[in-house]
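J.: Next comes input.pdb, PDB, C-alpha atoms, pLDDT in the B column:
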ATOM      1  CA  LYS A   1      27.707 -10.922 -36.024  1.00 82.00           C
ATOM      2  CA  VAL A   2      28.554  -8.699 -33.084  1.00 87.00           C
ATOM      3  CA  VAL A   3      27.271  -5.640 -34.925  1.00 88.00           C
ATOM      4  CA  GLN A   4      24.003  -7.421 -35.720  1.00 86.00           C
ATOM      5  CA  PHE A   5      23.656  -8.450 -32.052  1.00 89.00           C
ATOM      6  CA  LEU A   6      24.173  -4.829 -30.993  1.00 91.00           C
ATOM      7  CA  THR A   7      21.676  -3.670 -33.619  1.00 89.00           C
ATOM      8  CA  GLN A   8      19.046  -6.097 -32.344  1.00 89.00           C
ATOM      9  CA  TYR A   9      19.751  -5.073 -28.738  1.00 93.00           C
ATOM     10  CA  MET A  10      19.549  -1.338 -29.497  1.00 91.00           C
ATOM     11  CA  MET A  11      16.342  -1.827 -31.472  1.00 89.00           C
ATOM     12  CA  GLY A  12      14.863  -3.611 -28.448  1.00 91.00           C
ATOM     13  CA  CYS A  13      16.071  -0.805 -26.174  1.00 92.00           C
ATOM     14  CA  ASN A  14      14.344   1.731 -28.411  1.00 89.00           C
ATOM     15  CA  TYR A  15      10.969   0.057 -28.076  1.00 89.00           C
ATOM     16  CA  PHE A  16      11.304  -0.767 -24.402  1.00 92.00           C
ATOM     17  CA  TRP A  17      12.193   2.836 -23.611  1.00 90.00           C
ATOM     18  CA  MET A  18       8.964   3.746 -25.422  1.00 87.00           C
ATOM     19  CA  LEU A  19       7.262   1.316 -23.056  1.00 90.00           C
ATOM     20  CA  CYS A  20       8.953   3.020 -20.103  1.00 90.00           C
ATOM     21  CA  GLU A  21       7.592   6.355 -21.337  1.00 86.00           C
ATOM     22  CA  GLY A  22       4.121   4.833 -21.563  1.00 86.00           C
ATOM     23  CA  ILE A  23       4.358   3.386 -18.053  1.00 87.00           C
ATOM     24  CA  HIS A  24       5.602   6.700 -16.689  1.00 84.00           C
ATOM     25  CA  LEU A  25       2.851   8.752 -18.344  1.00 82.00           C
ATOM     26  CA  HIS A  26       0.208   6.245 -17.308  1.00 83.00           C
ATOM     27  CA  THR A  27       1.476   6.406 -13.737  1.00 83.00           C
ATOM     28  CA  LEU A  28       1.474  10.215 -13.732  1.00 80.00           C
ATOM     29  CA  ILE A  29      -1.996  10.633 -15.231  1.00 79.00           C
ATOM     30  CA  VAL A  30      -3.976   7.590 -14.129  1.00 77.00           C
ATOM     31  CA  VAL A  31      -2.502   6.299 -10.881  1.00 74.00           C
ATOM     32  CA  ALA A  32      -0.607   9.352  -9.641  1.00 66.00           C
ATOM     33  CA  VAL A  33      -2.791   9.481  -6.545  1.00 60.00           C
ATOM     34  CA  PHE A  34      -1.474   6.166  -5.296  1.00 59.00           C
ATOM     35  CA  VAL A  35       2.219   6.592  -6.111  1.00 58.00           C
ATOM     36  CA  GLU A  36       4.379   8.667  -3.814  1.00 63.00           C
ATOM     37  CA  GLU A  37       7.659   8.443  -5.715  1.00 66.00           C
ATOM     38  CA  GLN A  38       8.935   7.059  -8.977  1.00 66.00           C
ATOM     39  CA  HIS A  39      11.524   4.310  -8.860  1.00 74.00           C
ATOM     40  CA  LEU A  40      13.692   5.052 -11.870  1.00 81.00           C
ATOM     41  CA  HIS A  41      15.883   1.991 -11.415  1.00 85.00           C
ATOM     42  CA  TRP A  42      12.947  -0.155 -12.608  1.00 86.00           C
ATOM     43  CA  TYR A  43      12.755   1.944 -15.750  1.00 88.00           C
ATOM     44  CA  TYR A  44      16.489   1.502 -16.324  1.00 90.00           C
ATOM     45  CA  LEU A  45      16.159  -2.237 -15.843  1.00 91.00           C
ATOM     46  CA  LEU A  46      13.231  -2.449 -18.272  1.00 90.00           C
ATOM     47  CA  GLY A  47      14.740  -0.069 -20.841  1.00 91.00           C
ATOM     48  CA  TRP A  48      18.336  -1.308 -20.873  1.00 93.00           C
ATOM     49  CA  GLY A  49      18.253  -4.707 -19.176  1.00 94.00           C
ATOM     50  CA  PHE A  50      15.245  -6.540 -20.554  1.00 94.00           C
ATOM     51  CA  PRO A  51      16.189  -6.161 -24.253  1.00 94.00           C
ATOM     52  CA  LEU A  52      19.349  -8.142 -23.485  1.00 95.00           C
ATOM     53  CA  VAL A  53      17.216 -11.248 -22.880  1.00 95.00           C
ATOM     54  CA  PRO A  54      15.695 -11.597 -26.376  1.00 94.00           C
ATOM     55  CA  ALA A  55      18.923 -10.377 -28.015  1.00 93.00           C
ATOM     56  CA  CYS A  56      20.979 -13.045 -26.214  1.00 94.00           C
ATOM     57  CA  ILE A  57      18.390 -15.756 -26.881  1.00 93.00           C
ATOM     58  CA  HIS A  58      18.360 -14.770 -30.559  1.00 91.00           C
ATOM     59  CA  ALA A  59      22.163 -14.821 -30.746  1.00 90.00           C
ATOM     60  CA  VAL A  60      22.408 -18.255 -29.102  1.00 92.00           C
ATOM     61  CA  ALA A  61      19.653 -19.675 -31.316  1.00 89.00           C
ATOM     62  CA  ARG A  62      21.242 -18.123 -34.388  1.00 88.00           C
ATOM     63  CA  VAL A  63      24.619 -19.688 -33.572  1.00 87.00           C
ATOM     64  CA  LYS A  64      23.046 -23.046 -32.850  1.00 89.00           C
ATOM     65  CA  TYR A  65      20.566 -23.333 -35.749  1.00 86.00           C
ATOM     66  CA  PHE A  66      21.477 -20.823 -38.511  1.00 81.00           C
ATOM     67  CA  ASN A  67      25.138 -19.950 -38.118  1.00 77.00           C
ATOM     68  CA  ASP A  68      25.749 -18.517 -41.555  1.00 79.00           C
ATOM     69  CA  ASN A  69      28.166 -15.757 -42.465  1.00 75.00           C
ATOM     70  CA  CYS A  70      25.646 -12.918 -42.389  1.00 75.00           C
ATOM     71  CA  TRP A  71      23.121 -12.582 -39.602  1.00 72.00           C
ATOM     72  CA  MET A  72      21.292  -9.778 -41.348  1.00 72.00           C
ATOM     73  CA  SER A  73      19.225 -12.169 -43.430  1.00 71.00           C
ATOM     74  CA  ALA A  74      15.628 -12.438 -42.329  1.00 68.00           C
ATOM     75  CA  GLU A  75      15.145 -15.871 -43.872  1.00 73.00           C
ATOM     76  CA  THR A  76      14.668 -17.511 -40.475  1.00 77.00           C
ATOM     77  CA  SER A  77      11.767 -17.264 -38.093  1.00 81.00           C
ATOM     78  CA  LEU A  78      14.215 -16.574 -35.261  1.00 83.00           C
ATOM     79  CA  LEU A  79      13.558 -12.848 -35.601  1.00 82.00           C
ATOM     80  CA  TYR A  80      10.274 -13.440 -33.783  1.00 85.00           C
ATOM     81  CA  ILE A  81      12.407 -13.847 -30.666  1.00 89.00           C
ATOM     82  CA  ILE A  82      13.240 -10.155 -31.052  1.00 88.00           C
ATOM     83  CA  HIS A  83       9.993  -8.929 -32.608  1.00 85.00           C
ATOM     84  CA  GLY A  84       7.617 -10.745 -30.231  1.00 90.00           C
ATOM     85  CA  PRO A  85       8.556  -8.731 -27.120  1.00 92.00           C
ATOM     86  CA  ILE A  86       8.670  -5.558 -29.221  1.00 90.00           C
ATOM     87  CA  MET A  87       5.103  -6.117 -30.446  1.00 87.00           C
ATOM     88  CA  ALA A  88       4.010  -6.905 -26.875  1.00 91.00           C
ATOM     89  CA  ALA A  89       5.514  -3.599 -25.714  1.00 90.00           C
ATOM     90  CA  LEU A  90       3.687  -1.716 -28.471  1.00 86.00           C
ATOM     91  CA  ILE A  91       0.366  -3.351 -27.602  1.00 87.00           C
ATOM     92  CA  VAL A  92       0.823  -2.521 -23.902  1.00 90.00           C
ATOM     93  CA  ASN A  93       1.561   1.086 -24.919  1.00 86.00           C
ATOM     94  CA  LEU A  94      -1.650   1.107 -26.959  1.00 84.00           C
ATOM     95  CA  PHE A  95      -3.625   0.086 -23.872  1.00 89.00           C
ATOM     96  CA  PHE A  96      -1.854   2.764 -21.818  1.00 87.00           C
ATOM     97  CA  LEU A  97      -2.714   5.397 -24.418  1.00 83.00           C
ATOM     98  CA  LEU A  98      -6.370   4.334 -24.558  1.00 84.00           C
ATOM     99  CA  ASN A  99      -6.598   4.387 -20.763  1.00 87.00           C
ATOM    100  CA  ILE A 100      -4.995   7.851 -20.579  1.00 82.00           C
ATOM    101  CA  VAL A 101      -7.462   9.189 -23.154  1.00 79.00           C
ATOM    102  CA  ARG A 102     -10.345   7.520 -21.263  1.00 83.00           C
ATOM    103  CA  VAL A 103      -9.319   9.215 -18.003  1.00 81.00           C
ATOM    104  CA  LEU A 104      -8.946  12.604 -19.679  1.00 75.00           C
ATOM    105  CA  VAL A 105     -12.307  12.332 -21.444  1.00 74.00           C
ATOM    106  CA  THR A 106     -13.957  11.293 -18.161  1.00 77.00           C
ATOM    107  CA  LYS A 107     -12.473  14.354 -16.462  1.00 73.00           C
ATOM    108  CA  LEU A 108     -13.630  16.449 -19.413  1.00 70.00           C
ATOM    109  CA  ARG A 109     -17.230  15.339 -18.927  1.00 70.00           C
ATOM    110  CA  ASP A 110     -17.148  15.857 -15.164  1.00 68.00           C
ATOM    111  CA  THR A 111     -15.857  19.441 -15.220  1.00 64.00           C
ATOM    112  CA  HIS A 112     -17.513  22.714 -16.048  1.00 58.00           C
ATOM    113  CA  HIS A 113     -17.342  24.312 -19.458  1.00 59.00           C
ATOM    114  CA  ALA A 114     -14.515  26.730 -18.515  1.00 56.00           C
ATOM    115  CA  GLU A 115     -12.208  23.866 -17.621  1.00 58.00           C
ATOM    116  CA  SER A 116     -13.367  21.653 -20.484  1.00 60.00           C
ATOM    117  CA  ASN A 117     -11.351  23.629 -23.023  1.00 67.00           C
ATOM    118  CA  MET A 118      -8.220  22.865 -20.994  1.00 66.00           C
ATOM    119  CA  TYR A 119      -9.030  19.153 -20.946  1.00 64.00           C
ATOM    120  CA  MET A 120      -9.760  19.136 -24.675  1.00 67.00           C
ATOM    121  CA  LYS A 121      -6.275  20.549 -25.220  1.00 70.00           C
ATOM    122  CA  ALA A 122      -4.951  17.785 -22.962  1.00 68.00           C
ATOM    123  CA  VAL A 123      -6.733  15.149 -25.059  1.00 67.00           C
ATOM    124  CA  ARG A 124      -5.208  16.599 -28.228  1.00 73.00           C
ATOM    125  CA  ALA A 125      -1.794  16.598 -26.564  1.00 71.00           C
ATOM    126  CA  THR A 126      -2.317  12.983 -25.555  1.00 70.00           C
ATOM    127  CA  LEU A 127      -3.036  12.027 -29.147  1.00 71.00           C
ATOM    128  CA  ILE A 128       0.329  13.530 -30.026  1.00 74.00           C
ATOM    129  CA  LEU A 129       1.739  10.742 -27.844  1.00 71.00           C
ATOM    130  CA  VAL A 130       0.886   8.195 -30.557  1.00 69.00           C
ATOM    131  CA  PRO A 131       4.272   8.499 -32.291  1.00 72.00           C
ATOM    132  CA  LEU A 132       6.106   8.974 -28.989  1.00 69.00           C
ATOM    133  CA  LEU A 133       4.799   5.671 -27.681  1.00 68.00           C
ATOM    134  CA  GLY A 134       5.291   3.904 -31.015  1.00 70.00           C
ATOM    135  CA  ILE A 135       1.601   3.119 -31.491  1.00 66.00           C
ATOM    136  CA  HIS A 136       1.799   3.927 -35.219  1.00 62.00           C
ATOM    137  CA  LEU A 137       4.139   0.958 -35.601  1.00 65.00           C
ATOM    138  CA  ILE A 138       1.334  -1.455 -34.675  1.00 63.00           C
ATOM    139  CA  ILE A 139      -0.436  -0.546 -37.904  1.00 60.00           C
ATOM    140  CA  PHE A 140       2.628  -1.238 -40.071  1.00 57.00           C
ATOM    141  CA  PRO A 141       4.773  -3.765 -38.171  1.00 55.00           C
ATOM    142  CA  TRP A 142       6.441  -5.237 -41.277  1.00 56.00           C
ATOM    143  CA  ARG A 143       8.193  -3.539 -44.128  1.00 55.00           C
ATOM    144  CA  PRO A 144       6.748  -4.147 -47.588  1.00 52.00           C
ATOM    145  CA  GLU A 145       8.914  -6.186 -49.919  1.00 55.00           C
TER     146      GLU A 145
END
Before we go any further, please render this structure as structure tokens.
T.:
Amino acid sequence: KVVQFLTQYMMGCNYFWMLCEGIHLHTLIVVAVFVEEQHLHWYYLLGWGFPLVPACIHAVARVKYFNDNCWMSAETSLLYIIHGPIMAALIVNLFFLLNIVRVLVTKLRDTHHAESNMYMKAVRATLILVPLLGIHLIIFPWRPE
């Protein structure tokens, strides 16, 4: 049960660190003019601290309602306690990615042709962020049976 709790927590940390990457990139590219310094302690709190909340709620609910011998079974709907915030983080990352691409394309249109090649490379590099931000997991959120 402890191992399953740690697995759920680490899975949440994985996705929330992807969200931290999305927030950081969005801040650097879109709102970098307004931000003087980055406060990394907020990223640490979001990446390591927030996943504890759904993991603890899931563990308490699992003990209270479905306290069987193996917590690895997905026969309960309690996994939505873990997967709900993860899907929310992926959707927020999708909006960050779309906004980053929008800003880069806008800059591409506003510049001269010599600089446009540089921005087109930046747009291609931004599309490489799809797996980094976990956006591909929105398309296939559940494993086939």
J.: Atom CA of Ile81 of chain A and atom CA of Asp68 of chain A are how many Å apart?
T.: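 Separation between atom CA of Ile81 of chain A and atom CA of Asp68 of chain A: 17.8 Å.
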J.: Could you tell me how far atom CA of Lys107 of chain A lies from atom CA of Val31 of chain A, in Å and to one decimal?
T.: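 Pair atom CA of Lys107 of chain A / atom CA of Val31 of chain A returns 14.0 Å.
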J.: Which residues, named as in the file, does the PyMOL selection byres ((chain A and resi 93) around 12) pick out? Answer as a compact mmCIF listing (two decimals) with C-alpha atoms, keeping the file's coordinate frame.
T.:
# COMPACT_ATOMS: atom_id res chain seq x y z
CA TYR A 15 10.97 0.06 -28.08
CA PHE A 16 11.30 -0.77 -24.40
CA TRP A 17 12.19 2.84 -23.61
CA MET A 18 8.96 3.75 -25.42
CA LEU A 19 7.26 1.32 -23.06
CA CYS A 20 8.95 3.02 -20.10
CA GLU A 21 7.59 6.36 -21.34
CA GLY A 22 4.12 4.83 -21.56
CA ILE A 23 4.36 3.39 -18.05
CA HIS A 24 5.60 6.70 -16.69
CA LEU A 25 2.85 8.75 -18.34
CA HIS A 26 0.21 6.24 -17.31
CA ILE A 86 8.67 -5.56 -29.22
CA MET A 87 5.10 -6.12 -30.45
CA ALA A 88 4.01 -6.90 -26.88
CA ALA A 89 5.51 -3.60 -25.71
CA LEU A 90 3.69 -1.72 -28.47
CA ILE A 91 0.37 -3.35 -27.60
CA VAL A 92 0.82 -2.52 -23.90
CA LEU A 94 -1.65 1.11 -26.96
CA PHE A 95 -3.62 0.09 -23.87
CA PHE A 96 -1.85 2.76 -21.82
CA LEU A 97 -2.71 5.40 -24.42
CA LEU A 98 -6.37 4.33 -24.56
CA ASN A 99 -6.60 4.39 -20.76
CA ILE A 100 -5.00 7.85 -20.58
CA LEU A 129 1.74 10.74 -27.84
CA VAL A 130 0.89 8.20 -30.56
CA PRO A 131 4.27 8.50 -32.29
CA LEU A 132 6.11 8.97 -28.99
CA LEU A 133 4.80 5.67 -27.68
CA GLY A 134 5.29 3.90 -31.02
CA ILE A 135 1.60 3.12 -31.49
CA HIS A 136 1.80 3.93 -35.22
CA LEU A 137 4.14 0.96 -35.60
CA ILE A 138 1.33 -1.46 -34.67
J.: Met72 of chain A: which residues within 12 Å, counting all atoms listed in the file, same-chain residues fewer than 3 positions away excluded, as a ChimeraX atom specification?
T.: /A:1-8,59,62,66-69,75-76,78-79
J.: Written as a PDB file with C-alpha atoms, in the frame of the given file, which residues does the PyMOL selection byres ((chain A and resi 41-53) around 7) give for the file shown?
T.:
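Generated file (expr-v8.pdb):
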ATOM      1  CA  TYR A   9      19.751  -5.073 -28.738  1.00 93.00           C
ATOM      2  CA  GLY A  12      14.863  -3.611 -28.448  1.00 91.00           C
ATOM      3  CA  CYS A  13      16.071  -0.805 -26.174  1.00 92.00           C
ATOM      4  CA  PHE A  16      11.304  -0.767 -24.402  1.00 92.00           C
ATOM      5  CA  TRP A  17      12.193   2.836 -23.611  1.00 90.00           C
ATOM      6  CA  CYS A  20       8.953   3.020 -20.103  1.00 90.00           C
ATOM      7  CA  HIS A  39      11.524   4.310  -8.860  1.00 74.00           C
ATOM      8  CA  LEU A  40      13.692   5.052 -11.870  1.00 81.00           C
ATOM      9  CA  PRO A  54      15.695 -11.597 -26.376  1.00 94.00           C
ATOM     10  CA  ALA A  55      18.923 -10.377 -28.015  1.00 93.00           C
ATOM     11  CA  CYS A  56      20.979 -13.045 -26.214  1.00 94.00           C
ATOM     12  CA  ILE A  57      18.390 -15.756 -26.881  1.00 93.00           C
TER      13      ILE A  57
END
J.: At what distance in Å, to one decimal, does atom CA of Leu127 of chain A lie from atom CA of Val101 of chain A?
T.: 8.0 Å
J.: Edge lengths and centre in Å to one decimal, as AutoDock Vina command-line options, of the axis-aligned box that encloses all listed atoms of segment 16-35 of chain A with 8 Å added on every side?
T.:
--center_x 4.1 --center_y 4.9 --center_z -15.4 --size_x 32.2 --size_y 27.4 --size_z 36.1
